[in-house]
Amino acid sequence: MIFGLDGVAIALLIVFLCLFGAIMTGFPVAFAIAGAGAISFGIIAAMDSAGMLTHFAIDDRSAEYGALLAEGISREAISVFRYPELPRYETQLFPRGWEQALNTNLSFIVNRMDERVIAGQSIETLLAVLMFVLMGITLERSRIANDLLTTMARLFGPLPGGLAVSIVIVGAFLAASTGIVGATVVTMGLLALPTMLRNNYSPELATGVIAASGTLGQIIPPSIVIVLLGTLAGDMFAAGQEVRAQLAGCGDALTFLGSPAVLSVGTLFQAALLPGIFLAFLYGAYAFGFALLNPTKAPAVQIEASTGGEVVTRSEALTWYLAVPVALILSIVVAGQVGLVGNQDYTVSGYSEAGETASLRTNVSAECQASMIELHGQEAWDSALAQQADIDAAGGTEEVHELNEEELAVSRAAALEAIAPIGTGVAVFFTALALVLVTARGVMPTADPRPLLIGGVGVLLAFALDFAVIRPQTSSGMTFIILAIPFLLTMFGVVAGVKRLATNELLRVVFPPLVLIVAVLGSILGGITNPTPAAALGAGGAIMLAAYRKLGDDGRSGHIILLSSLSIVVMILLGMNFDLRITRSEISFADWVAYGVALAAYHMAFFGLLYGCWVLLKGGVLTPVVRETAKVTSMVFTILIGSQLLNLVVISFGGEHYIQDFLRSFDDERKVFLLVMIILFILGFVLDFLEIIYIVIPIVGPVIYGGEFDPKWVTIMIAINLQTSFLTPPFGFALFYLRGVAPASVTTGHIYRGVAPFVVIQIVGLTLLALFPVIVTILPDLLPNN
């Protein structure tokens, strides 16, 4: 025994020292991790063969061990940390020799690569990383970030600390479009830092706000950190809850929890949105407060530039930019609440629903019953018993059966009676167009209002026809014909409105990327699709947006890009209103026409995407974008492979279970989580988030995801913790990124002092999320999950 430590503890120390040393050598991290795994395994195997490493395992054949089992304590709960007095025996780390351990590791590696890199369930989600990276780098290289910074500086510059506030807004915007911390910090450091210094901003505030805002990409969706964490968190949550159920004496997690232990990346995106916005708000509030207290260090700056369009009074701005849009949105929300707007699908299943079941399973062992009562409460258990008694008295749970014609008619009539008179699709679509009309009126309030009024009439006519004429039984083709005139009237006003909107610099710069971000995040947060198709939409949209920008800079027409974008909208509308499956036995004429139009729109959209790629290729933009995307994604997947090797080394000598047993030995789950958070924070000084996610989280995850804490809250807390470590001196990665692009006049001391208040803000934010978890959980509870 070396230093009185167990052989497993020494082996873990060897692995950590090899990993730390490999990273410090300067070799690429991805290869350093794999090399550290191979080297540490060789050292541990040699020492174990020489008899230098001794593991003291619990003797599970002893009387004391048997007495614990007789008391009802499960085997998973018995460890050397909880019961150090149990008899133990000496054994090698590799009882069957290091050769067998190596052979087992190689088999595991092949299986892990197949599951997580080549053909497993998580590979589809990991593909979203590639496309989100492509989306972010494309937007960065197309100078959209430059335009955003310039426009926001003109808008907020006249306010105290306005430049700093504009940096926070643009940082949040870029976080939602790139999700890459290094790219955001470097971009804003190059573009904004010289401007802030020229305008007499304090170097501390300037560097602090740039570094902090750049790290928002860690938490604001679509965050690569959330995607990568999500691919692991779902499996760890399911596995952790299964262990928790077994420790509670129940057979499985579904019985114990009363609901499936499921966690998806889309749900995590929903959970991360409000905390990310909340942190951005705290950053902006600090910058504004700093400027009020220190006006000479964050002066107001008047940047001369015309915003285009007319000069709008405050009253007009409040009316058309705030009051009327809010009234429109609230009216639709209220209409949905009272049943005036809703889903108009009256399709019913040909089979009956399964009979009612109790809220909790009641046919469980006494030990499981006691655990379930402790978890859910006596009232919930009594309610489940009463429900089960009623079900048994009624003859048991009704089996699913095929409905006869009479039952189908009754079911269909009930569905028709419950349908809202105005469809959700019509309400959302025409309300969005109405918002365009209203905003256009605010941009040019003295211009001829008649085109916008015609568009408004079209919106009202669409609602009136949907309410009075269109019925759920109305065919898709007839619905399309009925709404054609209101649609044309509305589009007449929208076209005029878009031309007016284009005269406003702020809207012209912000609107296109904002639409792209809303489309990507809206499809995920709304539960319409999962992150991978949404990422594909974002990547394609970013390419077309960058191509349109490039064509504009070259003085060429971007009509092909606009037509392609319109084709995508047409495909979505047709897909929502027609059945485009042509393999059906009977297809109506309207569906054939819709299919033909959708097919033409698809080819137009595809041609536009190819044309956009050609424009970017000829303009010298696409080549560096593809190269940088390949670098980032290759690094991610190579680190994934190397970290799997290192994890398997830890597993081979029992290190993973050793750490998990140590964490489970704490009686207070909050202490365990706090300890893990502190460890992650410290490791964030020397390891990138990729290494932490793929090396550390799989080891500690089954413990922290196997308790009572909400898995969404746990994941978001980890993500923000990693974001905090990115900022903390002296090793925060964001500080190194900023140091590399900062001018010589900005010292390292300026950067360290500048980020210190934002580190405090991060800690305050983590504390508030710990005290009020509802900030994380409210959106996933309200929005549909995918």
# chains A, B, ... in the order shown; residues from 1 in each chain; ligands from 1

$ closest_atom_pairs --of "segment 609-691 of chain A" --to "segment 27-41 of chain A" --cutoff "6 Å" --atoms "only C-alpha atoms" --output "CSV"
residue,atom,partner,partner_atom,distance
A:Thr638,CA,A:Ala30,CA,5.6
A:Ile639,CA,A:Ala30,CA,4.4
A:Gly642,CA,A:Ala34,CA,4.2
A:Leu646,CA,A:Gly37,CA,4.4

$ residues_around --residues "Ile329 of chain A" --least-positions-apart "2" --cutoff "12 Å" --atoms "only C-alpha atoms" --output "list in words"
Leu322, Ala323, Val324, Pro325, Val326, Ala327, Ser331, Ile332, Val333, Val334, Ala335, Gly336, Ala427, Val428, Phe429, Phe430, Thr431, Ala432, Leu433, Ala434 and Leu435 of chain A

$ closest_residue --among "A:Val243, A:Ala418, A:Leu599, A:Leu616" --to "Leu545 of chain A" --atoms "only C-alpha atoms"
A:Leu616

$ atom_distance --atom1 "atom CA of Pro702 of chain A" --atom2 "atom CA of Met236 of chain A"
5.2 Å

$ atom_distance --atom1 "atom CA of Glu417 of chain A" --atom2 "atom CA of Ala462 of chain A"
22.1 Å

$ closest_atom_pairs --of "segment 215-289 of chain A" --to "segment 514-521 of chain A" --cutoff "12 Å" --atoms "only C-alpha atoms" --output "Markdown table"
| residue | atom | partner | partner_atom | distance |
| --- | --- | --- | --- | --- |
| A:Ile220 | CA | A:Leu521 | CA | 10.4 |
| A:Pro221 | CA | A:Leu521 | CA | 7.3 |
| A:Pro222 | CA | A:Leu521 | CA | 7.1 |
| A:Ser223 | CA | A:Leu521 | CA | 10.8 |
| A:Gly266 | CA | A:Leu521 | CA | 9.4 |
| A:Thr267 | CA | A:Leu521 | CA | 11.7 |
| A:Leu268 | CA | A:Leu521 | CA | 12.0 |
| A:Phe269 | CA | A:Leu521 | CA | 8.3 |
| A:Gln270 | CA | A:Leu521 | CA | 9.0 |
| A:Ala272 | CA | A:Leu521 | CA | 11.5 |
| A:Leu273 | CA | A:Leu521 | CA | 9.6 |

$ closest_residue --among "A:Thr439, A:Thr54, A:Thr728, A:Ser476" --to "Trp320 of chain A" --atoms "only C-alpha atoms"
A:Thr439

$ atom_distance --atom1 "atom CA of Phe156 of chain A" --atom2 "atom CA of Phe726 of chain A"
27.4 Å

$ closest_residue --among "A:Arg61, A:Val650, A:Val700, A:Val410" --to "Ile44 of chain A" --atoms "only C-alpha atoms"
A:Val650

$ closest_residue --among "A:Gly7, A:Leu102, A:Thr138, A:Ala50" --to "Pro624 of chain A" --atoms "only C-alpha atoms"
A:Thr138

$ residues_around --residues "Leu232 of chain A" --least-positions-apart "2" --cutoff "12 Å" --atoms "only C-alpha atoms" --output "NGL selection string"
:A and (115-116 or 121-123 or 125-126 or 225-230 or 234-240 or 262-265 or 268 or 640 or 693-702 or 705 or 711 or 715)

$ closest_atom_pairs --of "segment 239-264 of chain A" --to "segment 73-93 of chain A" --cutoff "9 Å" --atoms "only C-alpha atoms" --output "JSON lines"
{"residue": "A:Val243", "atom": "CA", "partner": "A:Glu76", "partner_atom": "CA", "distance": 7.9}
{"residue": "A:Gln246", "atom": "CA", "partner": "A:Ser74", "partner_atom": "CA", "distance": 7.8}
{"residue": "A:Leu247", "atom": "CA", "partner": "A:Ser74", "partner_atom": "CA", "distance": 6.0}
{"residue": "A:Ala248", "atom": "CA", "partner": "A:Ser74", "partner_atom": "CA", "distance": 8.5}
{"residue": "A:Gly249", "atom": "CA", "partner": "A:Ser74", "partner_atom": "CA", "distance": 7.9}

$ write_last_selection --atoms "N, CA, C and O atoms" --output "PDB file, in the first residue's frame"
ATOM      1  N   VAL A 243     -31.047   2.909 -10.844  1.00  0.00           N
ATOM      2  CA  VAL A 243     -30.299   2.568  -9.623  1.00  0.00           C
ATOM      3  C   VAL A 243     -31.031   3.083  -8.389  1.00  0.00           C
ATOM      4  O   VAL A 243     -31.137   2.391  -7.370  1.00  0.00           O
ATOM      5  N   GLN A 246     -33.895   0.808  -7.587  1.00  0.00           N
ATOM      6  CA  GLN A 246     -33.456  -0.445  -6.979  1.00  0.00           C
ATOM      7  C   GLN A 246     -33.040  -0.236  -5.529  1.00  0.00           C
ATOM      8  O   GLN A 246     -33.329  -1.076  -4.665  1.00  0.00           O
ATOM      9  N   LEU A 247     -32.374   0.893  -5.255  1.00  0.00           N
ATOM     10  CA  LEU A 247     -32.017   1.190  -3.870  1.00  0.00           C
ATOM     11  C   LEU A 247     -33.268   1.390  -3.006  1.00  0.00           C
ATOM     12  O   LEU A 247     -33.252   1.122  -1.801  1.00  0.00           O
ATOM     13  N   ALA A 248     -34.346   1.871  -3.638  1.00  0.00           N
ATOM     14  CA  ALA A 248     -35.596   2.086  -2.910  1.00  0.00           C
ATOM     15  C   ALA A 248     -36.418   0.800  -2.776  1.00  0.00           C
ATOM     16  O   ALA A 248     -37.487   0.820  -2.166  1.00  0.00           O
ATOM     17  N   GLY A 249     -35.933  -0.285  -3.379  1.00  0.00           N
ATOM     18  CA  GLY A 249     -36.649  -1.555  -3.280  1.00  0.00           C
ATOM     19  C   GLY A 249     -37.678  -1.774  -4.356  1.00  0.00           C
ATOM     20  O   GLY A 249     -38.481  -2.721  -4.280  1.00  0.00           O
TER      21      GLY A 249
END

$ decode --residues "segment 239-253 of chain A" --atoms "N, CA, C and O atoms" --output "PDB file, in the first residue's frame"
ATOM      1  N   ALA A 239     -30.361   5.821 -16.363  1.00  0.00           N
ATOM      2  CA  ALA A 239     -29.591   4.835 -15.604  1.00  0.00           C
ATOM      3  C   ALA A 239     -29.571   5.177 -14.119  1.00  0.00           C
ATOM      4  O   ALA A 239     -29.705   4.292 -13.255  1.00  0.00           O
ATOM      5  N   GLY A 240     -29.400   6.456 -13.805  1.00  0.00           N
ATOM      6  CA  GLY A 240     -29.354   6.870 -12.403  1.00  0.00           C
ATOM      7  C   GLY A 240     -30.655   6.620 -11.679  1.00  0.00           C
ATOM      8  O   GLY A 240     -30.658   6.200 -10.512  1.00  0.00           O
ATOM      9  N   GLN A 241     -31.769   6.855 -12.368  1.00  0.00           N
ATOM     10  CA  GLN A 241     -33.067   6.632 -11.729  1.00  0.00           C
ATOM     11  C   GLN A 241     -33.367   5.143 -11.576  1.00  0.00           C
ATOM     12  O   GLN A 241     -34.073   4.741 -10.639  1.00  0.00           O
ATOM     13  N   GLU A 242     -32.837   4.317 -12.477  1.00  0.00           N
ATOM     14  CA  GLU A 242     -32.992   2.872 -12.304  1.00  0.00           C
ATOM     15  C   GLU A 242     -32.262   2.405 -11.048  1.00  0.00           C
ATOM     16  O   GLU A 242     -32.789   1.604 -10.267  1.00  0.00           O
ATOM     17  N   VAL A 243     -31.047   2.909 -10.844  1.00  0.00           N
ATOM     18  CA  VAL A 243     -30.299   2.568  -9.623  1.00  0.00           C
ATOM     19  C   VAL A 243     -31.031   3.083  -8.389  1.00  0.00           C
ATOM     20  O   VAL A 243     -31.137   2.391  -7.370  1.00  0.00           O
ATOM     21  N   ARG A 244     -31.569   4.299  -8.496  1.00  0.00           N
ATOM     22  CA  ARG A 244     -32.303   4.871  -7.364  1.00  0.00           C
ATOM     23  C   ARG A 244     -33.521   4.014  -7.032  1.00  0.00           C
ATOM     24  O   ARG A 244     -33.837   3.786  -5.845  1.00  0.00           O
ATOM     25  N   ALA A 245     -34.230   3.541  -8.065  1.00  0.00           N
ATOM     26  CA  ALA A 245     -35.401   2.692  -7.838  1.00  0.00           C
ATOM     27  C   ALA A 245     -35.013   1.389  -7.166  1.00  0.00           C
ATOM     28  O   ALA A 245     -35.708   0.906  -6.256  1.00  0.00           O
ATOM     29  N   GLN A 246     -33.895   0.808  -7.587  1.00  0.00           N
ATOM     30  CA  GLN A 246     -33.456  -0.445  -6.979  1.00  0.00           C
ATOM     31  C   GLN A 246     -33.040  -0.236  -5.529  1.00  0.00           C
ATOM     32  O   GLN A 246     -33.329  -1.076  -4.665  1.00  0.00           O
ATOM     33  N   LEU A 247     -32.374   0.893  -5.255  1.00  0.00           N
ATOM     34  CA  LEU A 247     -32.017   1.190  -3.870  1.00  0.00           C
ATOM     35  C   LEU A 247     -33.268   1.390  -3.006  1.00  0.00           C
ATOM     36  O   LEU A 247     -33.252   1.122  -1.801  1.00  0.00           O
ATOM     37  N   ALA A 248     -34.346   1.871  -3.638  1.00  0.00           N
ATOM     38  CA  ALA A 248     -35.596   2.086  -2.910  1.00  0.00           C
ATOM     39  C   ALA A 248     -36.418   0.800  -2.776  1.00  0.00           C
ATOM     40  O   ALA A 248     -37.487   0.820  -2.166  1.00  0.00           O
ATOM     41  N   GLY A 249     -35.933  -0.285  -3.379  1.00  0.00           N
ATOM     42  CA  GLY A 249     -36.649  -1.555  -3.280  1.00  0.00           C
ATOM     43  C   GLY A 249     -37.678  -1.774  -4.356  1.00  0.00           C
ATOM     44  O   GLY A 249     -38.481  -2.721  -4.280  1.00  0.00           O
ATOM     45  N   CYS A 250     -37.676  -0.911  -5.391  1.00  0.00           N
ATOM     46  CA  CYS A 250     -38.633  -1.054  -6.482  1.00  0.00           C
ATOM     47  C   CYS A 250     -37.948  -1.702  -7.683  1.00  0.00           C
ATOM     48  O   CYS A 250     -36.729  -1.628  -7.837  1.00  0.00           O
ATOM     49  N   GLY A 251     -38.742  -2.285  -8.528  1.00  0.00           N
ATOM     50  CA  GLY A 251     -38.179  -3.032  -9.638  1.00  0.00           C
ATOM     51  C   GLY A 251     -37.623  -2.161 -10.738  1.00  0.00           C
ATOM     52  O   GLY A 251     -36.645  -2.513 -11.384  1.00  0.00           O
ATOM     53  N   ASP A 252     -38.259  -1.002 -10.999  1.00  0.00           N
ATOM     54  CA  ASP A 252     -37.813  -0.154 -12.090  1.00  0.00           C
ATOM     55  C   ASP A 252     -38.178   1.288 -11.786  1.00  0.00           C
ATOM     56  O   ASP A 252     -38.977   1.589 -10.884  1.00  0.00           O
ATOM     57  N   ALA A 253     -37.588   2.215 -12.581  1.00  0.00           N
ATOM     58  CA  ALA A 253     -37.778   3.642 -12.342  1.00  0.00           C
ATOM     59  C   ALA A 253     -39.211   4.077 -12.634  1.00  0.00           C
ATOM     60  O   ALA A 253     -39.738   4.976 -11.979  1.00  0.00           O
TER      61      ALA A 253
END
